[in-house]
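**Student:** Have a peek at upload-v9.cif (mmCIF, C-alpha atoms).
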```cif
data_query
#
loop_
_atom_site.label_atom_id
_atom_site.label_comp_id
_atom_site.auth_asym_id
_atom_site.auth_seq_id
_atom_site.Cartn_x
_atom_site.Cartn_y
_atom_site.Cartn_z
CA MET A 1 41.87 -13.94 19.42
CA THR A 2 42.92 -11.29 16.99
CA LYS A 3 43.89 -7.87 18.30
CA ILE A 4 41.26 -5.11 18.30
CA ILE A 5 42.47 -1.83 16.84
CA SER A 6 40.89 1.61 17.10
CA ILE A 7 40.99 4.41 14.55
CA SER A 8 40.32 7.74 16.20
CA GLU A 9 38.47 10.65 14.64
CA ALA A 10 41.77 12.49 14.19
CA GLU A 11 43.43 9.49 12.52
CA LEU A 12 40.43 9.13 10.24
CA LEU A 13 40.66 12.75 9.12
CA GLU A 14 44.41 12.46 8.51
CA MET A 15 44.13 9.22 6.55
CA GLU A 16 45.09 9.19 2.89
CA GLN A 17 41.96 10.02 0.89
CA ARG A 18 41.50 6.75 -1.06
CA LYS A 19 42.18 4.68 2.04
CA ARG A 20 39.59 6.60 4.04
CA ALA A 21 37.09 6.24 1.17
CA GLN A 22 37.55 2.46 1.20
CA LEU A 23 37.22 2.31 4.98
CA ILE A 24 34.13 4.52 5.23
CA ASN A 25 32.50 2.79 2.26
CA SER A 26 32.87 -0.61 3.93
CA ILE A 27 32.15 0.26 7.58
CA GLY A 28 28.37 0.16 7.10
CA GLY A 29 28.43 -3.45 5.89
CA TYR A 30 27.13 -4.91 2.63
CA LYS A 31 25.50 -2.70 0.05
CA SER A 32 23.39 -3.29 -2.98
CA GLY A 33 24.79 -2.64 -6.44
CA ILE A 34 22.24 -1.52 -9.00
CA LEU A 35 22.27 -0.06 -12.49
CA ILE A 36 20.29 3.09 -13.22
CA GLY A 37 19.09 3.41 -16.81
CA SER A 38 18.08 6.83 -18.10
CA VAL A 39 17.72 8.78 -21.33
CA ASP A 40 17.61 12.48 -22.12
CA ARG A 41 14.90 14.20 -24.18
CA GLU A 42 16.99 13.78 -27.33
CA GLY A 43 17.19 10.01 -26.80
CA GLN A 44 20.79 9.82 -25.56
CA GLU A 45 20.90 6.81 -23.23
CA ASN A 46 22.89 6.57 -20.03
CA LEU A 47 23.66 3.71 -17.67
CA ALA A 48 25.42 4.00 -14.32
CA ILE A 49 26.16 1.80 -11.34
CA PHE A 50 25.14 2.94 -7.84
CA ASN A 51 25.61 1.33 -4.45
CA SER A 52 23.67 3.82 -2.39
CA ILE A 53 20.08 2.70 -2.91
CA PHE A 54 18.03 2.48 0.29
CA HIS A 55 14.49 1.54 1.24
CA LEU A 56 12.28 4.46 2.23
CA GLY A 57 8.81 2.95 2.48
CA ALA A 58 6.48 0.36 1.02
CA ASN A 59 3.26 2.40 0.80
CA PRO A 60 3.77 4.39 -1.35
CA PRO A 61 6.71 2.28 -2.64
CA LEU A 62 9.67 4.65 -2.29
CA PHE A 63 13.45 4.39 -2.28
CA GLY A 64 16.36 6.78 -2.02
CA LEU A 65 19.58 7.17 -3.99
CA ILE A 66 22.62 9.29 -3.18
CA PHE A 67 24.55 11.16 -5.88
CA ARG A 68 28.04 12.39 -5.14
CA PRO A 69 28.73 16.13 -5.25
CA ASP A 70 31.41 15.64 -7.86
CA SER A 71 32.18 18.58 -10.04
CA ALA A 72 32.10 16.24 -13.05
CA PRO A 73 28.83 16.21 -15.01
CA ARG A 74 26.25 13.78 -13.61
CA HIS A 75 24.46 12.50 -16.71
CA THR A 76 22.17 10.16 -14.78
CA LEU A 77 21.03 12.89 -12.42
CA SER A 78 20.50 15.42 -15.20
CA ASN A 79 18.48 12.87 -17.22
CA ILE A 80 16.34 12.05 -14.18
CA GLU A 81 15.73 15.71 -13.43
CA GLU A 82 15.04 16.49 -17.10
CA THR A 83 12.63 13.63 -17.80
CA GLY A 84 11.35 12.43 -14.42
CA PHE A 85 11.77 8.74 -15.23
CA PHE A 86 14.46 6.08 -14.90
CA THR A 87 14.94 2.35 -14.35
CA VAL A 88 16.61 0.38 -11.56
CA ASN A 89 18.19 -2.92 -12.54
CA GLN A 90 19.68 -5.50 -10.16
CA ILE A 91 23.15 -6.82 -10.98
CA HIS A 92 23.72 -10.59 -11.10
CA SER A 93 26.97 -12.52 -11.16
CA LYS A 94 27.21 -12.76 -14.96
CA ILE A 95 27.16 -8.99 -15.59
CA ILE A 96 29.47 -7.74 -12.82
CA GLU A 97 32.29 -6.58 -15.10
CA GLN A 98 29.90 -4.79 -17.44
CA ALA A 99 28.09 -3.16 -14.52
CA HIS A 100 31.36 -2.03 -12.91
CA HIS A 101 32.55 -0.56 -16.21
CA THR A 102 29.60 1.86 -16.32
CA ALA A 103 31.42 3.79 -13.55
CA ALA A 104 34.04 4.91 -16.07
CA ARG A 105 33.78 8.57 -17.11
CA TYR A 106 32.38 8.85 -20.59
CA ASP A 107 31.18 11.92 -22.46
CA LYS A 108 27.43 12.45 -22.50
CA SER A 109 27.39 11.43 -26.19
CA VAL A 110 28.57 7.91 -25.29
CA SER A 111 26.01 5.35 -24.16
CA GLU A 112 27.42 3.30 -21.28
CA PHE A 113 25.14 0.49 -22.47
CA LYS A 114 27.29 0.24 -25.58
CA ALA A 115 30.62 0.95 -23.88
CA ALA A 116 29.95 -1.69 -21.21
CA GLY A 117 28.38 -4.28 -23.53
CA LEU A 118 24.86 -4.25 -22.09
CA THR A 119 21.61 -3.99 -24.04
CA PRO A 120 18.98 -1.25 -23.63
CA GLU A 121 15.50 -2.71 -23.40
CA TYR A 122 12.28 -0.71 -23.70
CA LYS A 123 9.42 -2.43 -21.87
CA SER A 124 5.72 -1.62 -21.33
CA SER A 125 6.12 1.65 -23.30
CA PHE A 126 8.20 3.03 -20.43
CA PHE A 127 10.27 6.09 -21.33
CA ALA A 128 13.67 4.99 -19.94
CA PRO A 129 15.71 1.94 -20.92
CA PHE A 130 16.04 -1.17 -18.74
CA VAL A 131 19.06 -3.46 -18.88
CA LEU A 132 17.99 -6.48 -20.92
CA GLU A 133 20.54 -8.73 -19.18
CA SER A 134 19.30 -7.80 -15.69
CA LEU A 135 16.81 -10.24 -14.17
CA VAL A 136 15.05 -8.19 -11.47
CA LYS A 137 14.25 -4.59 -12.42
CA PHE A 138 11.71 -1.85 -12.03
CA SER A 139 10.65 1.43 -13.55
CA ALA A 140 10.73 4.51 -11.35
CA GLN A 141 9.48 8.05 -11.27
CA LEU A 142 11.32 10.96 -9.72
CA ALA A 143 9.49 12.06 -6.58
CA GLU A 144 11.84 14.51 -4.87
CA VAL A 145 15.39 15.85 -5.07
CA HIS A 146 17.08 16.99 -1.86
CA ARG A 147 20.41 18.77 -2.00
CA LEU A 148 22.10 17.97 1.31
CA SER A 149 24.11 21.00 2.32
CA ILE A 150 26.16 19.05 4.87
CA ASN A 151 28.39 17.64 2.12
CA ASN A 152 26.70 18.71 -1.14
CA THR A 153 25.48 15.22 -1.97
CA ILE A 154 22.13 14.93 -3.71
CA MET A 155 19.41 12.60 -2.49
CA VAL A 156 16.89 11.50 -5.09
CA ILE A 157 13.66 9.94 -3.86
CA GLY A 158 12.09 7.65 -6.43
CA LYS A 159 8.72 5.95 -6.61
CA ILE A 160 8.58 2.36 -7.82
CA LEU A 161 6.19 1.98 -10.75
CA GLU A 162 6.31 -1.47 -12.37
CA ILE A 163 8.39 -4.48 -11.32
CA HIS A 164 9.70 -7.16 -13.70
CA LEU A 165 11.27 -10.37 -12.44
CA PRO A 166 11.61 -14.09 -13.14
CA GLU A 167 8.66 -15.98 -11.69
CA ASN A 168 10.93 -18.36 -9.72
CA THR A 169 12.50 -15.47 -7.78
CA LEU A 170 9.21 -14.28 -6.25
CA LEU A 171 8.45 -16.12 -3.02
CA GLU A 172 4.90 -16.77 -1.81
CA ASP A 173 5.04 -14.05 0.85
CA GLY A 174 6.21 -11.34 -1.55
CA MET A 175 9.93 -11.47 -0.85
CA ILE A 176 12.27 -11.62 -3.82
CA ASP A 177 14.72 -14.51 -3.46
CA LEU A 178 17.98 -12.69 -4.18
CA VAL A 179 19.89 -15.99 -4.16
CA ALA A 180 17.63 -17.45 -6.86
CA ALA A 181 18.01 -14.16 -8.76
CA ASP A 182 21.82 -14.47 -8.44
CA THR A 183 21.89 -10.86 -7.21
CA VAL A 184 25.26 -9.60 -6.07
CA ALA A 185 26.12 -7.61 -2.97
CA VAL A 186 28.80 -4.93 -2.97
CA SER A 187 31.35 -4.09 -0.32
CA GLY A 188 33.24 -0.83 -0.38
CA LEU A 189 33.68 0.55 -3.86
CA ASP A 190 34.76 -2.43 -5.87
CA ARG A 191 34.22 -5.80 -4.19
CA TYR A 192 31.38 -7.94 -5.55
CA MET A 193 29.98 -10.79 -3.48
CA LYS A 194 27.47 -13.56 -3.72
CA ALA A 195 25.35 -14.50 -0.73
CA LYS A 196 23.95 -17.64 0.82
CA GLU A 197 21.13 -17.81 3.32
CA ILE A 198 22.02 -18.44 6.96
CA VAL A 199 18.53 -18.12 8.42
CA ARG A 200 15.16 -16.49 7.96
CA LEU A 201 13.61 -15.41 11.26
CA PRO A 202 9.98 -14.82 12.27
CA TYR A 203 8.67 -11.40 13.28
CA ALA A 204 10.32 -10.48 16.60
CA LYS A 205 7.98 -10.50 19.60
CA PRO A 206 8.85 -9.30 23.11
CA ASN A 207 9.87 -11.89 25.67
CA PRO A 208 7.16 -11.67 28.40
CA GLN A 209 9.88 -11.93 31.05
CA TYR A 210 10.89 -8.37 30.25
CA HIS A 211 7.53 -6.89 29.43
CA MET B 1 14.26 -20.17 -19.15
CA THR B 2 11.93 -19.18 -16.38
CA LYS B 3 8.94 -16.99 -17.18
CA ILE B 4 9.25 -13.22 -16.57
CA ILE B 5 6.35 -11.72 -14.68
CA SER B 6 5.43 -8.05 -14.28
CA ILE B 7 3.75 -6.39 -11.32
CA SER B 8 2.09 -3.16 -12.38
CA GLU B 9 1.81 -0.03 -10.27
CA ALA B 10 -1.90 -0.75 -9.71
CA GLU B 11 -1.20 -4.35 -8.65
CA LEU B 12 1.48 -3.13 -6.29
CA LEU B 13 -0.89 -0.68 -4.62
CA GLU B 14 -3.60 -3.33 -4.26
CA MET B 15 -1.24 -5.94 -2.84
CA GLU B 16 -1.77 -7.16 0.73
CA GLN B 17 0.28 -4.90 3.00
CA ARG B 18 2.79 -7.43 4.41
CA LYS B 19 3.37 -8.94 0.98
CA ARG B 20 4.08 -5.52 -0.53
CA ALA B 21 6.40 -4.71 2.39
CA GLN B 22 8.42 -7.90 1.72
CA LEU B 23 8.55 -7.18 -2.01
CA ILE B 24 9.56 -3.53 -1.73
CA ASN B 25 12.07 -4.31 1.01
CA SER B 26 13.82 -6.87 -1.20
CA ILE B 27 13.64 -5.17 -4.62
CA GLY B 28 16.67 -2.97 -3.93
CA GLY B 29 18.95 -5.96 -3.33
CA TYR B 30 21.05 -6.80 -0.29
CA LYS B 31 21.08 -4.49 2.70
CA SER B 32 23.28 -4.11 5.70
CA GLY B 33 21.98 -5.04 9.13
CA ILE B 34 23.41 -3.02 11.99
CA LEU B 35 22.67 -2.49 15.66
CA ILE B 36 22.28 1.05 16.99
CA GLY B 37 23.23 1.46 20.65
CA SER B 38 21.95 4.50 22.52
CA VAL B 39 21.19 5.68 26.04
CA ASP B 40 19.02 8.47 27.41
CA ARG B 41 20.18 11.15 29.87
CA GLU B 42 18.99 9.00 32.78
CA GLY B 43 21.15 6.08 31.67
CA GLN B 44 18.38 3.89 30.20
CA GLU B 45 20.05 1.89 27.43
CA ASN B 46 18.47 0.99 24.11
CA LEU B 47 19.53 -1.30 21.28
CA ALA B 48 17.78 -1.64 17.92
CA ILE B 49 18.41 -3.31 14.58
CA PHE B 50 18.30 -1.22 11.39
CA ASN B 51 18.76 -2.22 7.79
CA SER B 52 18.57 1.23 6.26
CA ILE B 53 22.12 2.54 6.78
CA PHE B 54 23.66 4.16 3.70
CA HIS B 55 26.94 5.80 2.85
CA LEU B 56 26.79 9.56 2.45
CA GLY B 57 30.41 10.62 2.18
CA ALA B 58 33.95 9.85 3.32
CA ASN B 59 35.18 13.38 4.06
CA PRO B 60 33.68 14.23 6.46
CA PRO B 61 32.78 10.59 7.22
CA LEU B 62 28.97 10.61 7.07
CA PHE B 63 26.19 8.06 6.81
CA GLY B 64 22.40 8.12 6.76
CA LEU B 65 19.77 6.08 8.60
CA ILE B 66 16.02 5.95 7.97
CA PHE B 67 13.52 5.74 10.82
CA ARG B 68 9.97 4.62 10.10
CA PRO B 69 7.12 7.03 10.76
CA ASP B 70 5.50 4.58 13.09
CA SER B 71 3.17 5.97 15.68
CA ALA B 72 4.90 3.75 18.27
CA PRO B 73 7.56 5.48 20.38
CA ARG B 74 11.00 5.45 18.78
CA HIS B 75 13.38 5.08 21.70
CA THR B 76 16.49 5.02 19.55
CA LEU B 77 15.54 8.20 17.74
CA SER B 78 14.55 10.03 20.91
CA ASN B 79 17.82 9.01 22.60
CA ILE B 80 19.82 10.21 19.61
CA GLU B 81 17.98 13.51 19.48
CA GLU B 82 18.24 13.94 23.26
CA THR B 83 21.94 13.14 23.63
CA GLY B 84 23.49 13.56 20.18
CA PHE B 85 25.53 10.35 20.38
CA PHE B 86 25.07 6.69 19.45
CA THR B 87 26.99 3.63 18.30
CA VAL B 88 26.76 1.54 15.13
CA ASN B 89 27.66 -2.15 15.48
CA GLN B 90 27.96 -4.67 12.64
CA ILE B 91 26.13 -7.98 13.04
CA HIS B 92 28.04 -11.22 12.52
CA SER B 93 26.71 -14.73 12.09
CA LYS B 94 26.89 -15.66 15.78
CA ILE B 95 24.62 -12.85 17.00
CA ILE B 96 21.88 -12.90 14.35
CA GLU B 97 19.08 -14.13 16.61
CA GLN B 98 19.95 -11.66 19.35
CA ALA B 99 20.18 -8.82 16.84
CA HIS B 100 16.84 -9.74 15.25
CA HIS B 101 15.18 -9.88 18.66
CA THR B 102 15.97 -6.20 19.31
CA ALA B 103 13.20 -5.40 16.79
CA ALA B 104 10.59 -6.58 19.31
CA ARG B 105 8.58 -3.79 20.94
CA TYR B 106 9.70 -3.28 24.49
CA ASP B 107 8.82 -0.49 26.89
CA LYS B 108 11.41 2.25 27.24
CA SER B 109 12.29 0.91 30.69
CA VAL B 110 13.51 -2.37 29.17
CA SER B 111 17.05 -2.56 27.80
CA GLU B 112 17.06 -4.54 24.56
CA PHE B 113 20.65 -5.46 25.42
CA LYS B 114 19.32 -7.50 28.32
CA ALA B 115 16.18 -8.75 26.56
CA ALA B 116 18.20 -9.92 23.55
CA GLY B 117 21.16 -11.28 25.51
CA LEU B 118 23.81 -8.85 24.30
CA THR B 119 26.29 -6.93 26.44
CA PRO B 120 26.59 -3.12 26.62
CA GLU B 121 30.21 -2.04 26.35
CA TYR B 122 31.50 1.44 27.17
CA LYS B 123 34.70 2.20 25.25
CA SER B 124 37.03 5.20 25.06
CA SER B 125 34.79 7.14 27.51
CA PHE B 126 32.15 7.38 24.80
CA PHE B 127 28.67 8.27 26.05
CA ALA B 128 26.64 5.54 24.31
CA PRO B 129 27.02 1.77 24.65
CA PHE B 130 28.58 -0.45 22.00
CA VAL B 131 27.66 -4.11 21.59
CA LEU B 132 30.49 -6.09 23.18
CA GLU B 133 29.80 -9.12 20.97
CA SER B 134 29.99 -7.07 17.74
CA LEU B 135 33.37 -7.14 15.99
CA VAL B 136 33.31 -4.04 13.77
CA LYS B 137 31.74 -0.95 15.33
CA PHE B 138 32.00 2.80 15.52
CA SER B 139 30.86 5.73 17.61
CA ALA B 140 28.76 8.39 15.93
CA GLN B 141 27.51 11.89 16.49
CA LEU B 142 24.17 13.21 15.31
CA ALA B 143 24.75 15.70 12.51
CA GLU B 144 21.28 16.38 11.07
CA VAL B 145 17.70 15.16 11.28
CA HIS B 146 15.47 15.50 8.21
CA ARG B 147 11.77 14.76 8.44
CA LEU B 148 10.77 13.63 4.95
CA SER B 149 7.25 14.86 4.34
CA ILE B 150 6.72 12.50 1.40
CA ASN B 151 6.02 9.58 3.78
CA ASN B 152 6.86 10.93 7.24
CA THR B 153 10.04 8.89 7.57
CA ILE B 154 12.92 10.49 9.41
CA MET B 155 16.43 10.59 8.00
CA VAL B 156 19.24 10.89 10.52
CA ILE B 157 22.66 11.92 9.24
CA GLY B 158 25.45 10.73 11.50
CA LYS B 159 29.15 11.51 11.60
CA ILE B 160 31.58 8.66 12.23
CA LEU B 161 33.86 9.39 15.20
CA GLU B 162 35.99 6.40 16.23
CA ILE B 163 36.18 2.97 14.59
CA HIS B 164 36.98 -0.28 16.43
CA LEU B 165 37.68 -3.50 14.57
CA PRO B 166 39.77 -6.68 14.65
CA GLU B 167 43.17 -6.05 13.09
CA ASN B 168 42.78 -8.95 10.65
CA THR B 169 39.65 -7.42 9.09
CA LEU B 170 41.37 -4.21 7.96
CA LEU B 171 42.92 -4.61 4.53
CA GLU B 172 46.02 -2.73 3.44
CA ASP B 173 44.07 -0.30 1.25
CA GLY B 174 41.62 0.67 4.00
CA MET B 175 38.76 -1.64 3.07
CA ILE B 176 37.20 -3.70 5.84
CA ASP B 177 37.07 -7.37 4.88
CA LEU B 178 33.43 -8.13 5.69
CA VAL B 179 34.00 -11.83 5.02
CA ALA B 180 36.82 -11.98 7.58
CA ALA B 181 34.58 -10.01 9.97
CA ASP B 182 31.80 -12.58 9.39
CA THR B 183 29.42 -9.66 8.75
CA VAL B 184 25.93 -10.63 7.64
CA ALA B 185 23.84 -9.13 4.86
CA VAL B 186 20.08 -8.75 5.13
CA SER B 187 17.42 -9.26 2.51
CA GLY B 188 13.90 -7.96 2.97
CA LEU B 189 12.92 -7.74 6.61
CA ASP B 190 14.05 -11.03 8.04
CA ARG B 191 16.48 -12.97 5.88
CA TYR B 192 20.11 -13.09 7.03
CA MET B 193 22.85 -14.05 4.63
CA LYS B 194 26.56 -14.64 4.54
CA ALA B 195 28.63 -13.56 1.59
CA LYS B 196 31.58 -14.83 -0.38
CA GLU B 197 33.74 -12.80 -2.71
CA ILE B 198 33.22 -13.25 -6.43
CA VAL B 199 35.66 -10.60 -7.63
CA ARG B 200 37.30 -7.31 -6.73
CA LEU B 201 37.65 -5.00 -9.71
CA PRO B 202 40.05 -2.13 -10.42
CA TYR B 203 38.88 1.48 -10.80
CA ALA B 204 36.84 1.68 -14.02
CA LYS B 205 38.52 3.59 -16.85
CA PRO B 206 36.87 4.54 -20.14
CA ASN B 207 37.55 2.35 -23.15
CA PRO B 208 39.37 4.66 -25.63
CA GLN B 209 37.28 3.18 -28.46
CA TYR B 210 34.30 5.13 -27.15
CA HIS B 211 36.05 8.25 -25.96
#
```
For the structure just supplied, provide its representation as C-alpha cells.
**Tutor:**
Amino acid sequence: MTKIISISEAELLEMEQRKRAQLINSIGGYKSGILIGSVDREGQENLAIFNSIFHLGANPPLFGLIFRPDSAPRHTLSNIEETGFFTVNQIHSKIIEQAHHTAARYDKSVSEFKAAGLTPEYKSSFFAPFVLESLVKFSAQLAEVHRLSINNTIMVIGKILEIHLPENTLLEDGMIDLVAADTVAVSGLDRYMKAKEIVRLPYAKPNPQYH
Amino acid sequence: MTKIISISEAELLEMEQRKRAQLINSIGGYKSGILIGSVDREGQENLAIFNSIFHLGANPPLFGLIFRPDSAPRHTLSNIEETGFFTVNQIHSKIIEQAHHTAARYDKSVSEFKAAGLTPEYKSSFFAPFVLESLVKFSAQLAEVHRLSINNTIMVIGKILEIHLPENTLLEDGMIDLVAADTVAVSGLDRYMKAKEIVRLPYAKPNPQYH
C-alpha cells in the first residue's frame, strides 16, 4: 500500500504557480483535446487547441468551452464573437504534435494551420475552416458568451450544426467509437493518451432491495 | 480508406432521442467520470456519478459541473445548495460498476453509497463524505450556481479545498499521474476506458520562421 498524502487549501494556495496549474488541471481526470478552427471577416484563419470542452445537452445539441482570462489577445474568441461560426476537430494520435503546437503564441497575421503543419478544409460551404487531417469534426454556431466574474474566464456555448466522421467510427446506437477514431485524451496541460475499452455498461436501474 | 459520412443539422434534430444523446455525448471526445459525495443537513448521504466536470482555473482552484434540467429531483444539487460542501472522487478500474450504479434513480432516503456498495469516508472533519475506495479525491465548496436558460441546465462552480491522493500518483511537477492512479475515462454515457500515455510534450513555443 502506498502512502496517502493530503494537500491542504493553504498548501495549495502557497504552491508554486506552474506546479499548482499542473495539479489542478489533472485533478478532474481525463480531458478531451480538440482543435477549434476559426477565421475573421478578412479571411485570416486561426487554429487553437482546447481541453475544456464539455457536454451541455443533446436537444438542442450544445457544448461549452472555457477561454482563459489571459491578457494576451484571444484570436479564436474574437473570431467566434466576430463571425458567429467555428469548427471543432477531434485530435488523433498522428496529429498530436501539430495540435499541441497551435498553443504557441503567434501574431494574428500568422495562421496556426500553417505554423503547425495542418491543412484548412472548407466543407459544405461552411464559413470556418475544419482541420483536414482530423477524422471526427463538426461545425458550430456561437449561441452564448458568459463572462464568469469569479475568475474572469469566458464560457462560450456553441450549438452543433453538422457532423463529419468516418463511417466505421459511428456505432449502431449513435455513439462514436473514439478508439476506432484513434481519438486522444489529455491529462493536465501536456500529456496525450490513448484509451482502450474496459467495459460498456447498461443503463443503471435501481436495485429493488433499496427501493 | 473508410468512407466519410456527414450528419446534417436537420438529420441531427430528427434523430431518435437516445441515439442523438449517444452521438452528442461522444462527439466532444473523452470525458472524466467522477463521483460526487454529498449529505443533507439531516445526515442523509448521497453519491452520484458525473461526467461533466471541467477545469475553470488554478488560482483560485475552480472547476465546473453541469447538472441536467431533469424534472426528477436532483439530490446531489439540493444537498450542495443546502450545505455548500461536497466531495469529488476519481473513479478507478476496480469501482466502475459501483460508480455506474449510482446513476440509478433512488429515493432521497436511500444512500447510493449503500445501494452501490461503496463506503462513505469522513476525512479531516470535512462535512461531506468521500468515497473510501476512491484513490484521488478532494473536498469542495460551492462557489456559484448558474442556471443556463438556453437549455435549463445548471452549472455549479466549485472551489477545491483539500486534495487526498496516493503519494506515488503525484509527479514532481505537480501533475497527477492518472495512469498510476488507474483513473478511468468515460466516452458517451456508458463506456469506461483505461488510458496509456502516448507522449508528454513541452510548452509550445512559436516557430521563429512564422513570427
**Student:** Given the choices B:Ala104, B:Ser134, B:Ile157, B:Ile36, which gets closest to Phe54 in chain B if the distance is worked out from only C-alpha atoms?
**Tutor:**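 Among the listed residues, B:Ile157 lies closest to Phe54 in chain B.
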**Student:** Give me, as a ChimeraX atom specification, all polymer residues having an atom no more than 6 Å from range 112-128 of chain A, counting all atoms listed in the file and skipping those fewer than 5 positions away in the same chain.
**Tutor:** /A:38-39,46-47,86,98,101-102
**Student:** Would you save the residues of that selection, restricted to C-alpha atoms, as a compact mmCIF listing (two decimals), in the frame of the given file?
**Tutor:**
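selection19.txt, freshly written:
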```txt
# COMPACT_ATOMS: atom_id res chain seq x y z
CA SER A 38 18.08 6.83 -18.10
CA VAL A 39 17.72 8.78 -21.33
CA ASN A 46 22.89 6.57 -20.03
CA LEU A 47 23.66 3.71 -17.67
CA PHE A 86 14.46 6.08 -14.90
CA GLN A 98 29.90 -4.79 -17.44
CA HIS A 101 32.55 -0.56 -16.21
CA THR A 102 29.60 1.86 -16.32
```
**Student:** Counting only C-alpha atoms, which of B:Gly43, B:Gly158, B:Gly37, B:Pro60 gets nearest to chain A?
**Tutor:**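 Using only C-alpha atoms, chain A sits closest to B:Pro60.
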**Student:** Do you know which residues are at most 10 Å from Leu165 in chain B counting all atoms listed in the file, after dropping those on the same chain fewer than 2 positions away, and could you put them as a PyMOL selection string?
**Tutor:** (chain A and resi 2-7+27) or (chain B and resi 90+134-138+163+167-170+176+181)
**Student:** Pick from A:Ala180, A:Ala143, A:His92, A:Ala204: nearest to chain B, with only C-alpha atoms counted?
**Tutor:**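 Distance minimum relative to chain B lands on A:Ala204.
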**Student:** Skip Tyr106 in chain B itself and residues of its chain fewer than 5 positions away, then list as a VMD selection string all residues within 9 Å of it, counting all atoms listed in the file.
**Tutor:** (chain A and resid 205 to 207 210 to 211) or (chain B and resid 111 to 112 115)
**Student:** Can you work out which residues from chain B touch chain A at a cut-off of 6 Å (counting only C-alpha atoms) and hand them back as a PyMOL selection string?
**Tutor:** chain B and resi 3-9+19+21-24+26+29-32+58+101+103-105+161-167+173-176+185+190-201+204-206
**Student:** For each of A:Glu14, A:Gly84, A:Lys94, A:Gln44, take the minimum atom-to-atom distance to Asp182 in chain A, counting all atoms listed in the file, then give the residue where this is smallest.
**Tutor:**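 Selected residue with least distance to Asp182 in chain A: A:Lys94.
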**Student:** I'd like the box whose edges run along x, y and z of the file and which contains every listed atom of range 31-47 of chain B, padded by 5 Å per side; could you state its centre and edge lengths in Å, one decimal, as AutoDock Vina command-line options?
**Tutor:**
```
--center_x 20.9 --center_y 3.1 --center_z 17.7 --size_x 15.0 --size_y 26.2 --size_z 40.1
```
